[in-house]
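Comments concern the structure below.
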Amino acid sequence: ETGVTQTPRHLVMGMTNKKSLKCEQHLGHNAMYWYKQSAKKPLELMFVYSLEERVENNSVPSRFSPECPNSSHLFLHLHTLQPEDSALYLCASSQDRGGLTDTQYFGPGTRLTVL
Amino acid sequence: GQQLNQSPQSMFIQEGEDVSMNCTSSSIFNTWLWYKQEPGEGPVLLIALYKAGELTSNGRLTAQFGITRKDSFLNISASIPSDVGIYFCAGQLREYGNKLVFGAGTILRVKS
């Protein structure tokens, strides 16, 4: 248990559906992250929020829309996804994205399948 | 952009054997990290390295930050079945906004 929870753990959706992934951290951290993990590929950073402000958007398609209502919660809203978007979506948090010793703690991920 | 080459891609070893894996890059990094990911879980930090040449141990795990700052290795001694998982290296660079750049992972399987 790392203090970062994600729901749902598994999600199957059609290309026309709208769904949301939720992440919650209980560590008192200021920064939160969304990563995409595809098989046999490095983790890809999607978004970074620091103190509820988006500070990084790594050229992610607009069908992925993040939301950070407060420093403990992070959402990823999904709509009109493609089958190639099927992957494990990981949330992470850290105390402050500014430091090199700032450890990121990961949640267990949401396994997304797009049909 | 920055890329990390992690090898080997996978290993299938006998329980009790030592394991070695490494990451190399054409870019220099300020920090090297090693994570382990078990099935159904997110990556968990094993070892963090902050200085070139640094050698750090965590139980049966030992990792080193290469002198050139372009590589790192992780050794696991006397492997046991619970060592099974995917091991990721990650580099962090101040000039890159301290973002983590990950290797593709080494899949470790242990035969008991």
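By convention in this document, the chains of the structure tokens carry letters A, B, ... by their order, each chain's residues are numbered from 1, and ligands are numbered from 1 in the order they are shown.
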
Write down, as a PyMOL selection string, each residue of chain B that has any atom within 12 Å of an atom of chain A, counting only C-alpha atoms. chain B and resi 1-6+9-10+29-51+86-107

Excluding A:Ser20 and its own-chain neighbours fewer than 3 positions away, which residues fall within 12 Å of it when counting only C-alpha atoms? Please give them as a list in words. Gln6, Thr7, Pro8, Arg9, His10, Leu11, Val12, Met13, Asn17, Cys23, Arg63, Phe64, Ser65, Pro66, Glu67, Leu74, Phe75, Leu76, His77, Leu78, His79, Leu81, Tyr89, Thr110 and Leu112 of chain A

Could you give me the residues within chain A that DSSP places in strand (DSSP E), as a ChimeraX atom specification? /A:4-7,10-13,18-25,31-37,44-50,53-57,64-70,73-79,87-94,105-106,110-114

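Interatomic distance, atom CA of B:Asp83 to atom CA of B:Arg109: 7.8 Å.
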
For atom CA of A:Val114 and atom CA of A:Met15, the interatomic separation in Å (one decimal): 6.4 Å

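Across the structure, atom CA of A:Asn30 and atom CA of A:Asn58 are spaced 19.4 Å apart.
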